[in-house]
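Q: So here's data_22.csv (CSV, C-alpha atoms).
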chain,number,residue,atom,x,y,z
A,169,MET,CA,-34.4,50.5,142.7
A,170,PRO,CA,-32.9,51.1,139.2
A,171,THR,CA,-34.7,53.4,136.7
A,172,LEU,CA,-36.2,51.6,133.8
A,173,THR,CA,-35.8,53.4,130.5
A,174,PRO,CA,-37.5,52.3,127.3
A,175,SER,CA,-35.0,52.4,124.4
A,176,ILE,CA,-36.2,52.7,120.9
A,177,TRP,CA,-34.2,51.8,117.8
A,178,PHE,CA,-34.3,54.3,115.0
A,179,ASP,CA,-32.6,54.3,111.6
A,180,ARG,CA,-31.0,57.8,111.7
A,181,ASP,CA,-33.7,60.0,113.2
A,182,ALA,CA,-33.6,59.5,117.0
A,183,GLU,CA,-33.1,63.2,117.6
A,184,GLU,CA,-35.9,64.2,115.3
A,185,ALA,CA,-38.2,61.7,117.0
A,186,ALA,CA,-37.2,62.9,120.5
A,187,ASN,CA,-37.9,66.5,119.5
A,188,PHE,CA,-41.3,65.5,118.0
A,189,TYR,CA,-42.3,63.7,121.2
A,190,VAL,CA,-41.3,66.5,123.6
A,191,SER,CA,-43.3,68.9,121.5
A,192,ILE,CA,-46.4,66.9,122.1
A,193,PHE,CA,-46.3,65.9,125.8
A,194,PRO,CA,-46.3,68.6,128.5
A,195,ASN,CA,-43.4,68.8,131.0
A,196,SER,CA,-41.1,67.1,128.6
A,197,ARG,CA,-37.5,67.7,127.4
A,198,VAL,CA,-34.5,66.4,125.6
A,199,VAL,CA,-32.0,65.6,128.2
A,200,ASN,CA,-28.9,64.6,126.2
A,201,VAL,CA,-27.7,64.1,122.7
A,202,LEU,CA,-24.6,61.9,122.4
A,203,LYS,CA,-22.6,62.4,119.2
A,204,ALA,CA,-19.9,60.0,117.9
A,205,PRO,CA,-16.5,61.1,119.0
A,206,ALA,CA,-14.8,59.5,116.0
A,207,ASP,CA,-15.7,57.8,112.7
A,208,SER,CA,-16.8,54.2,113.0
A,209,PRO,CA,-18.2,51.5,110.6
A,210,GLY,CA,-21.7,52.7,111.5
A,211,GLY,CA,-21.2,56.4,111.0
A,212,LYS,CA,-19.1,59.5,111.0
A,213,LYS,CA,-17.7,61.7,113.8
A,214,GLY,CA,-20.3,64.1,115.1
A,215,GLU,CA,-23.3,62.1,114.0
A,216,VAL,CA,-26.0,61.5,116.7
A,217,LEU,CA,-25.6,58.1,118.3
A,218,THR,CA,-28.2,58.3,121.1
A,219,VAL,CA,-30.7,60.7,122.5
A,220,ASP,CA,-32.2,60.7,126.0
A,221,TRP,CA,-35.5,62.5,126.6
A,222,GLU,CA,-38.3,62.7,129.2
A,223,LEU,CA,-42.0,62.7,128.6
A,224,ASP,CA,-43.6,64.1,131.7
A,225,GLY,CA,-40.8,62.7,133.8
A,226,GLN,CA,-40.7,59.3,132.1
A,227,PRO,CA,-37.2,58.7,130.7
A,228,PHE,CA,-36.7,57.4,127.1
A,229,ASN,CA,-33.7,56.6,125.0
A,230,GLY,CA,-33.4,56.5,121.3
A,231,ILE,CA,-30.5,54.9,119.4
A,232,ASN,CA,-29.6,55.6,115.8
A,233,GLY,CA,-28.9,51.9,115.0
A,234,GLY,CA,-29.4,51.8,111.3
A,235,PRO,CA,-32.1,50.2,109.1
A,236,GLU,CA,-31.7,46.6,110.4
A,237,PHE,CA,-34.6,46.9,112.9
A,238,LYS,CA,-37.9,48.8,112.9
A,239,PRO,CA,-40.3,49.5,115.7
A,240,ASP,CA,-43.5,47.4,115.5
A,241,GLU,CA,-46.8,46.8,117.4
A,242,ALA,CA,-45.2,44.3,119.7
A,243,ILE,CA,-44.3,47.3,121.9
A,244,SER,CA,-46.6,50.3,122.3
A,245,PHE,CA,-47.0,53.2,124.6
A,246,VAL,CA,-50.3,53.9,126.2
A,247,VAL,CA,-51.5,57.5,126.4
A,248,ASP,CA,-53.9,57.7,129.3
A,249,CYS,CA,-56.3,60.5,128.4
A,250,ALA,CA,-58.6,62.2,130.8
A,251,ASP,CA,-61.3,63.0,128.3
A,252,GLN,CA,-62.3,63.2,124.6
A,253,ALA,CA,-60.4,66.4,124.1
A,254,GLU,CA,-57.1,64.7,125.1
A,255,VAL,CA,-57.9,61.7,122.9
A,256,ASP,CA,-58.5,64.1,120.0
A,257,ARG,CA,-55.3,66.1,120.7
A,258,TYR,CA,-52.9,63.2,121.1
A,259,TRP,CA,-54.5,61.1,118.3
A,260,GLY,CA,-54.0,64.0,115.9
A,261,GLU,CA,-50.5,65.1,117.0
A,262,LEU,CA,-49.0,61.6,117.2
A,263,ALA,CA,-50.2,60.7,113.8
A,264,ALA,CA,-49.2,64.0,112.2
A,265,GLY,CA,-46.7,64.1,109.4
A,266,GLY,CA,-47.2,60.6,108.1
A,267,GLY,CA,-48.4,58.5,110.9
A,268,GLU,CA,-51.0,55.7,110.4
A,269,HIS,CA,-54.3,55.4,112.2
A,270,GLY,CA,-55.1,51.9,113.4
A,271,PRO,CA,-58.0,50.1,115.0
A,272,CYS,CA,-59.2,50.3,118.6
A,273,GLY,CA,-57.3,53.5,119.6
A,274,TRP,CA,-54.0,52.4,118.2
A,275,LEU,CA,-51.8,54.4,115.8
A,276,LYS,CA,-48.2,54.5,114.5
A,277,ASP,CA,-46.4,57.8,114.4
A,278,ARG,CA,-44.2,58.8,111.4
A,279,PHE,CA,-41.2,57.0,113.0
A,280,GLY,CA,-43.1,53.7,113.2
A,281,VAL,CA,-43.6,53.8,117.0
A,282,SER,CA,-47.0,52.4,118.2
A,283,TRP,CA,-49.2,54.3,120.6
A,284,GLN,CA,-52.5,53.4,122.2
A,285,VAL,CA,-54.6,56.6,122.8
A,286,VAL,CA,-57.1,55.6,125.4
A,287,PRO,CA,-59.7,57.6,127.4
A,288,ARG,CA,-59.9,56.6,131.1
A,289,ARG,CA,-63.6,56.2,130.6
A,290,LEU,CA,-63.1,53.1,128.5
A,291,ASN,CA,-61.6,51.2,131.4
A,292,GLU,CA,-64.4,52.3,133.7
A,293,LEU,CA,-67.0,51.0,131.2
A,294,LEU,CA,-65.1,47.7,130.6
A,295,GLU,CA,-64.6,47.1,134.4
A,296,SER,CA,-68.3,47.6,135.1
A,297,SER,CA,-70.2,45.0,137.1
A,298,ASP,CA,-72.8,45.1,134.4
A,299,ALA,CA,-71.3,42.4,132.1
A,300,ASP,CA,-73.8,43.0,129.2
A,301,ALA,CA,-73.1,46.7,129.2
A,302,ALA,CA,-69.4,46.2,129.4
A,303,GLN,CA,-69.6,43.8,126.4
A,304,ARG,CA,-71.5,46.3,124.4
A,305,ALA,CA,-68.8,48.9,125.1
A,306,MET,CA,-66.1,46.4,124.1
A,307,GLU,CA,-67.9,45.6,120.9
A,308,ALA,CA,-68.2,49.3,120.1
A,309,MET,CA,-64.5,49.9,120.8
A,310,LEU,CA,-63.6,47.1,118.5
A,311,GLN,CA,-65.3,48.9,115.6
A,312,MET,CA,-63.5,52.2,116.2
A,313,GLY,CA,-60.2,53.7,115.0
A,314,LYS,CA,-59.9,56.8,117.3
A,315,LEU,CA,-61.9,56.0,120.4
A,316,ASP,CA,-65.1,58.1,120.9
A,317,VAL,CA,-66.2,58.4,124.5
A,318,ALA,CA,-69.7,59.5,123.7
A,319,GLU,CA,-70.2,56.5,121.4
A,320,LEU,CA,-68.7,54.1,123.9
A,321,GLU,CA,-71.1,55.4,126.5
A,322,LYS,CA,-74.1,55.1,124.1
A,323,ALA,CA,-73.1,51.5,123.4
A,324,TYR,CA,-72.7,50.8,127.2
A,325,ALA,CA,-76.2,52.2,127.8
A,326,GLY,CA,-77.7,50.1,125.0
A,327,SER,CA,-78.8,53.0,122.9
Would you put the structure from the file into structure tokens?
A:
Amino acid sequence: MPTLTPSIWFDRDAEEAANFYVSIFPNSRVVNVLKAPADSPGGKKGEVLTVDWELDGQPFNGINGGPEFKPDEAISFVVDCADQAEVDRYWGELAAGGGEHGPCGWLKDRFGVSWQVVPRRLNELLESSDADAAQRAMEAMLQMGKLDVAELEKAYAGS
């Protein structure tokens, strides 16, 4: 089976973005930086064309395609967090340097890439056989920016 690699269009900062991401996620690395072998209408010889990196084994590609397209919320990456400490860490680090906090655990990093920072506990609460409790957890989540496990559990419990 072929490997599927998400490719993200950047203006001119694919290498900076790749370095930012690998600094946040464990077991991550920049794999390759492809530079232009000659001048072209889109750039000069030696400028970065594409960057390949891995985030904990998941391959990614970034292309310096210019300002024509920008990332948006139609595509996002979910960060599956074991606990509140991981939520806090990834929420803070991904938004650092000019990112934007959004609703319901969503944020945009400084490159415009969208992330969902989600504690595993949220899915456990929402998948509960207690429909009323699951609804209370869902309603609480809809009021949050960064997700708060303790508050989700309080809502689930009805307190």
Q: Report as a PyMOL selection string all protein, DNA and RNA residues lying within 12 Å of Thr171 (chain A), evaluated on all atoms listed in the file, omitting residues in the same chain fewer than 4 positions from it.
A: chain A and resi 225-228
Q: Might you pull out every residue within 8 Å of region 289-297 of chain A, with all atoms listed in the file counted and same-chain residues fewer than 3 positions away left off, and present them as JSON, numbers by chain?
A: {"A": [250, 251, 286, 301, 302, 303, 305, 306, 317, 320, 321, 324]}
Q: Between A:Val247, A:Glu268, A:Glu319, A:Ile176, which has the minimum distance to Gln284 (chain A) (counting only C-alpha atoms)?
A: A:Val247
Q: Given all atoms listed in the file as the basis, pick out the residue of A:Glu236, A:Glu254, A:Asp207, A:Asp316 nearest to Phe178 (chain A).
A: A:Glu236
Q: Can you tell me how far CA of Trp221 (chain A) sits from CA of Asn187 (chain A), in Å to one decimal?
A: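 The value is 8.5 Å.
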Q: Of the candidates A:Asp248, A:Glu183, A:Asp240, A:Asp277, which one gets nearest to Glu261 (chain A) if we count only C-alpha atoms?
A: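 Closest candidate: A:Asp277.
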Q: Figure out the distance between CA of Glu215 (chain A) and CA of Lys203 (chain A), please, to one decimal in Å.
A: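 It comes out at 5.3 Å.
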Q: One decimal, in Å: what's the spacing between CA of Gly313 (chain A) and CA of Pro174 (chain A)?
A: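 About the pair CA of Gly313 (chain A) and CA of Pro174 (chain A): they are 25.9 Å apart.
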Q: With distances taken over all atoms listed in the file, which of A:Lys213, A:Arg197, A:Arg257, A:Lys238 is nearest to Asp179 (chain A)?
A: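 Closest to Asp179 (chain A) of all the choices is A:Lys238.
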Q: For Thr218 (chain A), list every protein, DNA or RNA residue within 8 Å, evaluated using all atoms listed in the file, and leave out those in the same chain fewer than 6 positions away; present the list as JSON, numbers by chain.
A: {"A": [182, 183, 201, 202, 203, 229, 230, 231, 232]}
Q: Please provide as a list in words all residues within 12 Å of Phe188 (chain A), with the sequence filter that same-chain residues fewer than 3 positions apart are discarded (counting all atoms listed in the file).
A: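 So the residues in contact are Asp181, Ala182, Glu183, Glu184, Ala185, Ser191, Ile192, Phe193, Ser196, Arg197, Val198, Trp221, Glu222, Leu223, Glu261, Leu262, Ala263, Ala264, Gly265, Asp277, Arg278, Phe279 and Val281 of chain A.
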Q: For Tyr258 (chain A), which residue out of A:Met309, A:Arg180, A:Arg304, A:Lys314 is the nearest one, using all atoms listed in the file?
A: A:Lys314
Q: Go through A:Val216, A:Gly211, A:Lys276, A:Trp259 one by one, measure the shortest atom-to-atom distance of each to Ile243 (chain A) using only C-alpha atoms, and give the residue with the smallest value.
A: A:Lys276
Q: Within 7 Å of Pro239 (chain A), counting all atoms listed in the file, which residues show up once you throw out same-chain ones fewer than 2 positions away? Write them as a list in words, please.
A: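 Surrounding residues, per the criterion: Trp177, Phe237, Gly280 and Val281 of chain A.
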